[in-house]
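Next up, upload-v4.csv (CSV, C-alpha atoms):
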chain,number,residue,atom,x,y,z
A,1,MET,CA,23.7,-0.9,105.6
A,2,PRO,CA,25.0,1.6,103.0
A,3,GLN,CA,27.6,4.1,104.3
A,4,ASP,CA,25.5,7.3,103.9
A,5,PHE,CA,22.2,5.6,104.8
A,6,THR,CA,20.0,7.1,107.6
A,7,VAL,CA,17.2,4.9,108.8
A,8,GLY,CA,14.6,7.7,108.8
A,9,TRP,CA,14.2,11.5,108.7
A,10,ASP,CA,10.7,12.4,109.9
A,11,HIS,CA,10.7,9.3,112.1
A,12,THR,CA,11.7,9.2,115.7
A,13,PRO,CA,14.4,6.6,116.6
A,14,SER,CA,11.7,4.6,118.4
A,15,GLU,CA,9.4,4.6,115.3
A,16,ALA,CA,12.3,3.9,112.9
A,17,LEU,CA,13.4,0.8,114.8
A,18,THR,CA,10.0,-0.5,115.8
A,19,TRP,CA,8.3,-0.1,112.4
A,20,ASN,CA,11.2,-1.3,110.4
A,21,LEU,CA,11.1,-4.5,112.4
A,22,VAL,CA,7.3,-4.7,111.9
A,23,ALA,CA,8.0,-4.3,108.2
A,24,ARG,CA,10.2,-7.4,108.4
A,25,GLY,CA,7.3,-9.3,109.9
A,26,TRP,CA,8.0,-8.9,113.6
A,27,PRO,CA,4.9,-8.7,115.9
A,28,ILE,CA,4.5,-5.1,117.2
A,29,SER,CA,5.0,-5.9,120.9
A,30,ASP,CA,8.3,-7.8,120.1
A,31,ALA,CA,9.4,-5.0,117.8
A,32,LYS,CA,8.8,-2.4,120.5
A,33,ALA,CA,10.8,-4.4,123.1
A,34,GLN,CA,13.6,-5.0,120.6
A,35,ALA,CA,13.7,-1.3,119.7
A,36,ARG,CA,14.0,-0.3,123.3
A,37,ARG,CA,16.8,-2.8,123.9
A,38,TRP,CA,18.9,-1.5,121.0
A,39,LEU,CA,18.1,2.2,121.7
A,40,GLU,CA,19.3,1.7,125.3
A,41,LEU,CA,22.4,-0.1,124.0
A,42,VAL,CA,23.4,2.7,121.7
A,43,GLY,CA,22.5,5.4,124.2
A,44,LEU,CA,19.5,6.9,122.3
A,45,TRP,CA,16.7,5.9,124.7
A,46,GLU,CA,16.3,9.4,126.0
A,47,TYR,CA,16.1,10.8,122.4
A,48,ARG,CA,13.6,8.1,121.4
A,49,ASP,CA,10.7,10.5,120.7
A,50,ARG,CA,12.6,13.2,118.8
A,51,PRO,CA,12.5,13.2,115.0
A,52,LEU,CA,15.8,12.0,113.6
A,53,ARG,CA,16.1,15.1,111.5
A,54,THR,CA,16.5,17.1,114.7
A,55,LEU,CA,19.3,14.9,116.1
A,56,SER,CA,23.0,15.2,115.3
A,57,GLU,CA,24.6,13.3,112.5
A,58,GLU,CA,26.3,11.0,115.0
A,59,GLN,CA,23.1,10.3,116.8
A,60,ARG,CA,21.4,9.4,113.5
A,61,ARG,CA,24.3,7.1,112.7
A,62,ARG,CA,23.8,5.4,116.1
A,63,ALA,CA,20.0,4.9,115.3
A,64,THR,CA,20.8,3.5,111.9
A,65,VAL,CA,23.3,1.0,113.3
A,66,ALA,CA,20.8,0.0,115.9
A,67,ALA,CA,18.0,-0.4,113.4
A,68,VAL,CA,20.2,-2.7,111.3
A,69,LEU,CA,21.6,-4.8,114.1
A,70,ALA,CA,18.1,-5.1,115.7
A,71,THR,CA,16.8,-7.0,112.7
A,72,GLU,CA,18.8,-10.0,113.9
A,73,ALA,CA,19.3,-11.0,110.2
A,74,ASP,CA,21.4,-14.0,109.5
A,75,ALA,CA,23.7,-12.0,107.3
A,76,MET,CA,24.5,-8.3,107.3
A,77,PHE,CA,26.7,-6.1,105.3
A,78,LEU,CA,27.8,-3.0,107.2
A,79,ASP,CA,29.6,-0.3,105.3
A,80,GLU,CA,31.7,1.6,107.8
A,81,PRO,CA,29.1,1.5,110.6
A,82,THR,CA,31.3,3.3,113.2
A,83,VAL,CA,32.3,6.3,111.2
A,84,GLU,CA,31.6,9.5,113.1
A,85,LEU,CA,30.9,7.7,116.4
A,86,ASP,CA,32.6,8.8,119.6
A,87,VAL,CA,34.8,6.3,121.4
A,88,LYS,CA,32.3,5.1,124.0
A,89,VAL,CA,29.5,4.6,121.5
A,90,ARG,CA,31.9,2.9,119.1
A,91,HIS,CA,32.8,0.4,121.8
A,92,ASN,CA,29.0,-0.2,122.4
A,93,VAL,CA,28.6,-0.8,118.7
A,94,TRP,CA,31.6,-3.2,118.7
A,95,ARG,CA,30.0,-5.1,121.6
A,96,ALA,CA,26.7,-5.2,119.8
A,97,ILE,CA,28.3,-6.5,116.6
A,98,ARG,CA,30.2,-9.2,118.6
A,99,GLU,CA,27.1,-10.2,120.4
A,100,THR,CA,25.2,-10.5,117.1
A,101,VAL,CA,28.0,-12.6,115.7
A,102,THR,CA,28.0,-14.8,118.8
A,103,ASP,CA,24.3,-15.3,118.3
A,104,GLY,CA,25.0,-16.8,114.9
A,105,ALA,CA,24.9,-14.0,112.4
A,106,SER,CA,27.4,-13.4,109.7
A,107,ILE,CA,28.6,-9.8,109.4
A,108,LEU,CA,30.6,-8.4,106.5
A,109,LEU,CA,31.9,-5.1,107.7
A,110,THR,CA,34.0,-2.6,105.7
A,111,THR,CA,36.3,-0.2,107.6
A,112,HIS,CA,39.3,2.0,107.1
A,113,ASP,CA,40.0,1.7,110.8
A,114,MET,CA,42.6,-1.2,111.1
A,115,ARG,CA,42.3,-1.2,114.9
A,116,GLU,CA,38.5,-1.9,114.5
A,117,ALA,CA,39.2,-4.7,112.1
A,118,GLU,CA,41.8,-6.1,114.4
A,119,ILE,CA,39.6,-6.0,117.5
A,120,ILE,CA,36.2,-7.2,116.1
A,121,GLY,CA,37.1,-9.1,113.0
A,122,ASP,CA,37.3,-12.9,112.9
A,123,ARG,CA,38.7,-12.8,109.4
A,124,VAL,CA,40.2,-9.8,107.6
A,125,VAL,CA,40.6,-9.1,103.9
A,126,LEU,CA,43.0,-6.2,103.2
A,127,ILE,CA,42.2,-4.5,100.0
A,128,ASP,CA,44.3,-1.9,98.2
A,129,SER,CA,42.8,-0.1,95.1
A,130,GLY,CA,40.3,-2.9,94.7
A,131,ILE,CA,42.9,-5.7,94.9
A,132,THR,CA,43.1,-8.1,97.7
A,133,VAL,CA,46.6,-7.9,99.2
A,134,ALA,CA,46.1,-10.4,102.1
A,135,GLU,CA,43.5,-12.3,104.0
A,136,GLY,CA,43.3,-14.2,107.2
A,137,ARG,CA,42.9,-13.9,110.9
A,138,PRO,CA,44.1,-10.5,112.1
A,139,TYR,CA,46.7,-12.0,114.5
A,140,GLU,CA,48.0,-14.2,111.7
A,141,LEU,CA,48.6,-11.2,109.4
A,142,VAL,CA,50.3,-9.3,112.2
A,143,ARG,CA,52.4,-12.3,113.2
A,144,ALA,CA,53.6,-12.5,109.6
A,145,LEU,CA,55.3,-9.2,110.0
A,146,PRO,CA,59.1,-9.3,110.4
A,147,TYR,CA,58.8,-6.7,113.2
A,148,GLU,CA,57.4,-6.9,116.7
A,149,TYR,CA,57.5,-3.3,117.9
A,150,ARG,CA,57.2,0.2,116.5
A,151,ILE,CA,58.6,3.4,117.8
A,152,VAL,CA,57.1,6.7,116.9
A,153,LEU,CA,59.6,9.5,117.2
A,154,GLU,CA,60.5,13.0,116.2
A,155,LYS,CA,62.4,13.0,112.9
A,156,PHE,CA,66.2,13.5,113.2
A,157,GLU,CA,69.4,13.6,111.1
A,158,GLY,CA,70.4,10.0,110.2
A,159,LEU,CA,66.9,8.5,110.2
A,160,GLU,CA,67.4,7.5,106.6
A,161,GLU,CA,69.8,4.8,107.9
A,162,PHE,CA,66.8,2.9,109.2
A,163,THR,CA,65.4,1.0,106.3
A,164,SER,CA,62.4,0.0,108.2
A,165,SER,CA,60.8,3.4,108.9
A,166,ILE,CA,57.8,5.3,107.8
A,167,ASP,CA,57.8,9.0,107.2
A,168,LEU,CA,55.0,10.9,109.0
A,169,GLY,CA,56.1,14.5,108.3
A,170,ASP,CA,57.9,15.8,111.3
A,171,ARG,CA,57.6,12.4,112.9
A,172,ALA,CA,58.5,8.9,111.8
A,173,VAL,CA,57.8,5.3,112.7
A,174,VAL,CA,60.8,3.0,113.2
A,175,TYR,CA,60.3,-0.8,113.5
A,176,ALA,CA,62.2,-3.2,115.8
A,177,ARG,CA,62.4,-7.0,115.2
A,178,SER,CA,62.5,-8.1,118.8
A,179,TYR,CA,62.1,-6.8,122.3
A,180,GLY,CA,65.9,-6.6,122.7
A,181,GLU,CA,66.2,-4.5,119.5
A,182,MET,CA,63.4,-2.2,120.7
A,183,VAL,CA,65.1,-1.6,124.0
A,184,ARG,CA,68.4,-0.9,122.3
A,185,LEU,CA,66.7,1.5,119.8
A,186,VAL,CA,64.8,3.4,122.5
A,187,GLU,CA,68.0,3.9,124.4
A,188,GLU,CA,70.0,5.0,121.4
A,189,LEU,CA,67.4,7.1,119.7
A,190,GLY,CA,66.2,8.6,123.0
A,191,ARG,CA,69.6,10.4,123.2
A,192,VAL,CA,69.2,12.1,119.8
A,193,THR,CA,65.4,12.7,119.5
A,194,THR,CA,62.1,12.6,121.3
A,195,ILE,CA,60.3,9.3,121.4
A,196,HIS,CA,56.5,9.6,121.5
A,197,LEU,CA,55.2,6.1,121.6
A,198,VAL,CA,56.5,2.5,121.8
A,199,ASP,CA,53.9,-0.1,120.9
A,200,LYS,CA,53.5,-3.6,119.5
A,201,VAL,CA,52.9,-3.7,115.8
A,202,GLY,CA,49.3,-4.2,114.6
A,203,LEU,CA,47.2,-4.7,111.6
A,204,GLU,CA,47.8,-1.2,110.3
A,205,ASP,CA,51.5,-2.0,110.1
A,206,ALA,CA,50.8,-5.2,108.3
A,207,TYR,CA,48.6,-3.3,105.9
A,208,LEU,CA,51.3,-0.7,105.2
A,209,ARG,CA,53.9,-3.3,104.7
A,210,LEU,CA,51.8,-5.4,102.4
A,211,VAL,CA,50.7,-2.4,100.3
A,212,SER,CA,54.4,-1.2,100.1
A,213,ASP,CA,55.4,-4.8,99.0
A,214,SER,CA,52.7,-4.8,96.5
A,215,GLU,CA,53.8,-1.4,95.1
A,216,SER,CA,57.4,-2.5,94.9
A,217,ARG,CA,56.4,-5.6,93.0
A,218,GLU,CA,54.4,-3.5,90.5
A,219,ALA,CA,57.3,-1.1,90.1
A,220,ALA,CA,59.7,-4.0,89.4
B,1,MET,CA,1.3,-17.3,109.2
B,2,ARG,CA,2.6,-16.1,105.8
B,3,VAL,CA,-0.5,-13.8,105.5
B,4,VAL,CA,0.0,-12.4,108.9
B,5,LYS,CA,3.6,-11.7,108.2
B,6,LEU,CA,2.7,-10.1,104.9
B,7,LEU,CA,0.1,-7.9,106.6
B,8,ARG,CA,2.7,-6.8,109.2
B,9,GLN,CA,5.1,-5.9,106.4
B,10,VAL,CA,2.5,-3.8,104.7
B,11,LEU,CA,1.5,-2.2,108.0
B,12,GLY,CA,5.1,-1.4,108.9
B,13,LEU,CA,5.9,0.1,105.5
B,14,ALA,CA,2.6,2.1,105.4
B,15,TYR,CA,3.5,3.5,108.8
B,16,LEU,CA,7.0,4.4,107.8
B,17,GLU,CA,5.9,5.9,104.5
B,18,SER,CA,3.2,8.0,106.1
B,19,ARG,CA,5.4,9.9,108.6
B,20,TRP,CA,5.6,12.9,106.3
B,21,VAL,CA,2.3,13.9,107.9
B,22,LYS,CA,4.1,14.9,111.1
B,23,ARG,CA,6.4,17.2,109.1
B,24,GLN,CA,3.9,18.6,106.7
B,25,PRO,CA,0.4,18.3,108.2
B,26,LEU,CA,-0.7,21.4,106.2
B,27,TRP,CA,-0.5,19.3,103.0
B,28,LEU,CA,-3.7,17.6,104.2
B,29,VAL,CA,-5.3,21.0,105.0
B,30,GLN,CA,-4.2,22.1,101.6
B,31,GLY,CA,-6.0,19.1,100.1
B,32,VAL,CA,-9.2,19.7,102.0
B,33,VAL,CA,-9.2,23.5,101.2
B,34,GLY,CA,-8.6,22.7,97.6
B,35,ALA,CA,-11.5,20.2,97.5
B,36,VAL,CA,-13.9,22.6,99.2
B,37,GLY,CA,-12.9,25.5,97.0
B,38,PHE,CA,-13.2,23.4,93.9
B,39,THR,CA,-16.6,22.3,94.9
B,40,MET,CA,-17.8,25.8,95.5
B,41,ILE,CA,-16.6,27.0,92.1
B,42,ILE,CA,-18.2,24.0,90.3
B,43,TYR,CA,-21.5,24.6,92.2
B,44,VAL,CA,-21.5,28.3,91.3
B,45,TRP,CA,-20.9,27.5,87.6
B,46,GLY,CA,-23.2,24.5,87.2
B,47,SER,CA,-25.3,24.1,90.3
B,48,VAL,CA,-26.0,20.6,91.8
B,49,ASP,CA,-25.9,18.9,88.3
B,50,ALA,CA,-22.3,19.9,87.9
B,51,LEU,CA,-21.4,18.6,91.4
B,52,ARG,CA,-22.8,15.2,90.4
B,53,ASN,CA,-19.6,14.1,88.9
B,54,LEU,CA,-17.4,15.6,91.6
B,55,VAL,CA,-16.7,12.4,93.5
B,56,VAL,CA,-15.8,10.5,90.4
B,57,ALA,CA,-13.6,13.3,89.2
B,58,TYR,CA,-11.8,13.4,92.5
B,59,ILE,CA,-11.3,9.6,92.5
B,60,ILE,CA,-9.7,9.8,89.0
B,61,ALA,CA,-7.7,13.0,89.6
B,62,GLY,CA,-6.7,11.9,93.1
B,63,ALA,CA,-5.5,8.5,91.9
B,64,TRP,CA,-3.4,10.2,89.2
B,65,GLY,CA,-1.9,12.6,91.8
B,66,LEU,CA,-1.3,9.7,94.2
B,67,GLY,CA,0.4,7.6,91.5
B,68,LEU,CA,2.5,10.5,90.5
B,69,ASN,CA,3.5,11.2,94.1
B,70,ILE,CA,4.4,7.6,94.7
B,71,VAL,CA,6.5,7.2,91.6
B,72,ALA,CA,8.1,10.7,91.5
B,73,GLN,CA,8.5,11.3,95.2
B,74,ARG,CA,8.3,8.3,97.4
B,75,ILE,CA,10.2,5.7,95.3
B,76,GLY,CA,12.6,8.3,94.0
B,77,TRP,CA,13.3,9.5,97.5
B,78,ASP,CA,13.7,5.9,98.7
B,79,ARG,CA,16.3,5.4,96.0
B,80,ILE,CA,18.2,8.6,96.9
B,81,ASN,CA,18.4,7.9,100.6
B,82,HIS,CA,19.2,4.2,100.1
B,83,ASN,CA,16.0,2.9,101.6
B,84,ILE,CA,15.6,0.7,98.6
B,85,GLU,CA,18.9,-1.1,99.4
B,86,PHE,CA,17.8,-1.5,103.0
B,87,TYR,CA,14.5,-3.1,101.9
B,88,VAL,CA,16.0,-5.2,99.2
B,89,ALA,CA,18.4,-6.7,101.8
B,90,SER,CA,15.4,-7.6,104.0
B,91,PRO,CA,12.4,-10.0,103.8
B,92,VAL,CA,10.2,-7.1,102.5
B,93,THR,CA,8.7,-8.2,99.2
B,94,LEU,CA,8.1,-5.9,96.3
B,95,SER,CA,4.3,-6.2,96.6
B,96,ALA,CA,4.4,-5.4,100.3
B,97,TYR,CA,6.6,-2.4,99.6
B,98,PHE,CA,4.3,-1.1,96.9
B,99,THR,CA,1.1,-1.7,98.9
B,100,GLY,CA,2.7,-0.1,102.0
B,101,ILE,CA,3.6,3.0,100.0
B,102,VAL,CA,0.2,3.3,98.4
B,103,LEU,CA,-1.4,3.0,101.9
B,104,GLY,CA,1.1,5.4,103.4
B,105,CYS,CA,0.4,8.0,100.7
B,106,SER,CA,-3.3,7.5,100.5
B,107,LEU,CA,-3.8,10.2,103.1
B,108,PHE,CA,-3.3,12.6,100.1
B,109,LEU,CA,-6.2,11.0,98.3
B,110,ALA,CA,-8.3,11.0,101.5
B,111,SER,CA,-7.8,14.7,102.0
B,112,ASN,CA,-9.5,15.2,98.6
B,113,LEU,CA,-12.1,12.4,98.8
B,114,ILE,CA,-13.4,12.9,102.3
B,115,PRO,CA,-14.7,16.5,101.7
B,116,ALA,CA,-16.0,15.4,98.3
B,117,LEU,CA,-17.9,12.5,99.7
B,118,THR,CA,-19.2,14.7,102.5
B,119,ILE,CA,-20.5,17.2,100.0
B,120,ALA,CA,-22.0,14.4,97.9
B,121,LEU,CA,-23.9,13.0,100.9
B,122,ILE,CA,-25.1,16.5,102.0
B,123,PHE,CA,-26.4,17.2,98.5
B,124,ARG,CA,-27.7,13.7,98.0
B,125,LEU,CA,-25.7,13.4,94.8
B,126,ASP,CA,-26.2,9.7,94.8
B,127,LEU,CA,-29.7,10.2,93.5
B,128,PRO,CA,-30.3,10.1,89.7
B,129,PRO,CA,-31.2,13.4,88.1
B,130,TYR,CA,-34.8,14.2,87.2
B,131,SER,CA,-36.0,11.7,89.8
B,132,ARG,CA,-39.1,12.6,91.8
B,133,TYR,CA,-36.9,13.7,94.8
B,134,TYR,CA,-35.7,16.6,92.7
B,135,GLN,CA,-39.1,17.8,91.6

Could you take the file, read its structure, and then write that structure out as structure tokens?
Amino acid sequence: MPQDFTVGWDHTPSEALTWNLVARGWPISDAKAQARRWLELVGLWEYRDRPLRTLSEEQRRRATVAAVLATEADAMFLDEPTVELDVKVRHNVWRAIRETVTDGASILLTTHDMREAEIIGDRVVLIDSGITVAEGRPYELVRALPYEYRIVLEKFEGLEEFTSSIDLGDRAVVYARSYGEMVRLVEELGRVTTIHLVDKVGLEDAYLRLVSDSESREAA
Amino acid sequence: MRVVKLLRQVLGLAYLESRWVKRQPLWLVQGVVGAVGFTMIIYVWGSVDALRNLVVAYIIAGAWGLGLNIVAQRIGWDRINHNIEFYVASPVTLSAYFTGIVLGCSLFLASNLIPALTIALIFRLDLPPYSRYYQ
């Protein structure tokens, strides 16, 4: 599924799903039932008879994702399938992708959303400028980080003392190696600045660290 | 089973490729009006004898138009909107794709041929010239 691909234009979602399945050799009755199942899953059943050109970009995206996953192909390549989808629908698509994988399909999915990769990926390949910087199970990549927690806070005088921080303009991310260090940092920093978020580190932090290490190696 | 699957593929693609009819039904009306108008002009210029080759002319010219439309519009448009990638990564075969497109676009040809055939039947253009029916 190419990133800017739409499954139809003059077609209704129902037509696009049904007849694309027929074009793959499905019997018409099975194709109709499958189309209905997927349109309900992505919340497009009530729009099933409207031409796709009259629907919003986000609704067309949903129809396209449904059309691809409904094929039940053994292997699928999805290029950023959840771009432009709202949170609820994105979760429906994630569920559909996981169900498809559980049914035995292999899905190669590209995304810029590290949280998406962390949640639905069995294996993750992190790529920077076309070069693989790491690969493995998401939790393994996160566990390899030397930090356990991140603290998002308002920038303040003296932030430069923290070597493990990321500049976010008027905010910054400071990392803590353990629960004890996190508690200590929150207490200390809470006196001098505003703390916005305290969270466990994730794949995004792993990616930033790996890219930063890779750039340091190149510079050296 | 393979034949049934192939027929389904062709049917599915023909349906998908014919949906322009819903957006532009007047293209068909345009074809019919063009065919009727052309017939009238030819009849005025050369009477029934001139009309005799009308159906053959429409088959040839219609097939040219159809081929041009398929290559220049349908396949080109399928490349631009990534349908080609979608089909390549599927069980759809090249022959099923092409046959489906031809069927899906043959409504263009039909909009020219049906009026031409109707006129041919009305004027009994299937009969040879100078036969006793014309005397």

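If you take all atoms listed in the file and a cut-off of 8 Å, the residues of chain A that reach chain B are Met1, Pro2, Asp4, Phe5, Thr6, Val7, Asp10, His11, Glu15, Ala16, Trp19, Asn20, Leu21, Val22, Ala23, Arg24, Gly25, Trp26 and Pro27 of chain A.
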
May I have the selected residues written with C-alpha atoms, as a short mmCIF file (atom, residue, chain, number, x, y, z; two decimals), in the coordinates of the input?
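Final output, saved to part-v4.cif:
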data_model
loop_
_atom_site.label_atom_id
_atom_site.label_comp_id
_atom_site.auth_asym_id
_atom_site.auth_seq_id
_atom_site.Cartn_x
_atom_site.Cartn_y
_atom_site.Cartn_z
CA MET A 1 23.70 -0.90 105.60
CA PRO A 2 25.00 1.60 103.00
CA ASP A 4 25.50 7.30 103.90
CA PHE A 5 22.20 5.60 104.80
CA THR A 6 20.00 7.10 107.60
CA VAL A 7 17.20 4.90 108.80
CA ASP A 10 10.70 12.40 109.90
CA HIS A 11 10.70 9.30 112.10
CA GLU A 15 9.40 4.60 115.30
CA ALA A 16 12.30 3.90 112.90
CA TRP A 19 8.30 -0.10 112.40
CA ASN A 20 11.20 -1.30 110.40
CA LEU A 21 11.10 -4.50 112.40
CA VAL A 22 7.30 -4.70 111.90
CA ALA A 23 8.00 -4.30 108.20
CA ARG A 24 10.20 -7.40 108.40
CA GLY A 25 7.30 -9.30 109.90
CA TRP A 26 8.00 -8.90 113.60
CA PRO A 27 4.90 -8.70 115.90
#

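Note that atom CA of A:Arg209 and atom CA of A:Ser129 are 15.0 Å apart.
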
Q.
Give me, as a PyMOL selection string, all polymer residues having an atom no more than 9 Å from A:Ala73, counting all atoms listed in the file and skipping those fewer than 5 positions away in the same chain.
A. (chain A and resi 68+105-106) or (chain B and resi 90)

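Here atom CA of A:Ser212 stands at a distance of 18.2 Å from atom CA of A:Asp113.
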
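Nearest to B:Gly65 of all the residues B:Pro25, B:Pro115, B:Gly37, B:Gly31 is B:Gly31, counting all atoms listed in the file.
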
Given the point (-11.5, 14.3, 101.2) in the file's coordinates, find the residues that have an atom at most 7 Å from it, counting only C-alpha atoms, and give them as a CSV table (one decimal) with C-alpha atoms, in the frame of the given file.
chain,number,residue,atom,x,y,z
B,32,VAL,CA,-9.2,19.7,102.0
B,35,ALA,CA,-11.5,20.2,97.5
B,109,LEU,CA,-6.2,11.0,98.3
B,110,ALA,CA,-8.3,11.0,101.5
B,111,SER,CA,-7.8,14.7,102.0
B,112,ASN,CA,-9.5,15.2,98.6
B,113,LEU,CA,-12.1,12.4,98.8
B,114,ILE,CA,-13.4,12.9,102.3
B,115,PRO,CA,-14.7,16.5,101.7
B,116,ALA,CA,-16.0,15.4,98.3
B,117,LEU,CA,-17.9,12.5,99.7

(Q) Show me, as a list in words, the residues that have an atom within 12 Å of A:Thr100 when counting only C-alpha atoms, minus same-chain residues fewer than 3 positions from it. (A) Trp38, Ala66, Val68, Leu69, Ala70, Thr71, Glu72, Ala73, Asp74, Ala75, Met76, Val93, Trp94, Arg95, Ala96, Ile97, Asp103, Gly104, Ala105, Ser106, Ile107 and Ile120 of chain A

Q: Between atom CA of B:Leu51 and atom CA of B:Val33, measure the distance and give it in Å to one decimal.
A: 16.4 Å
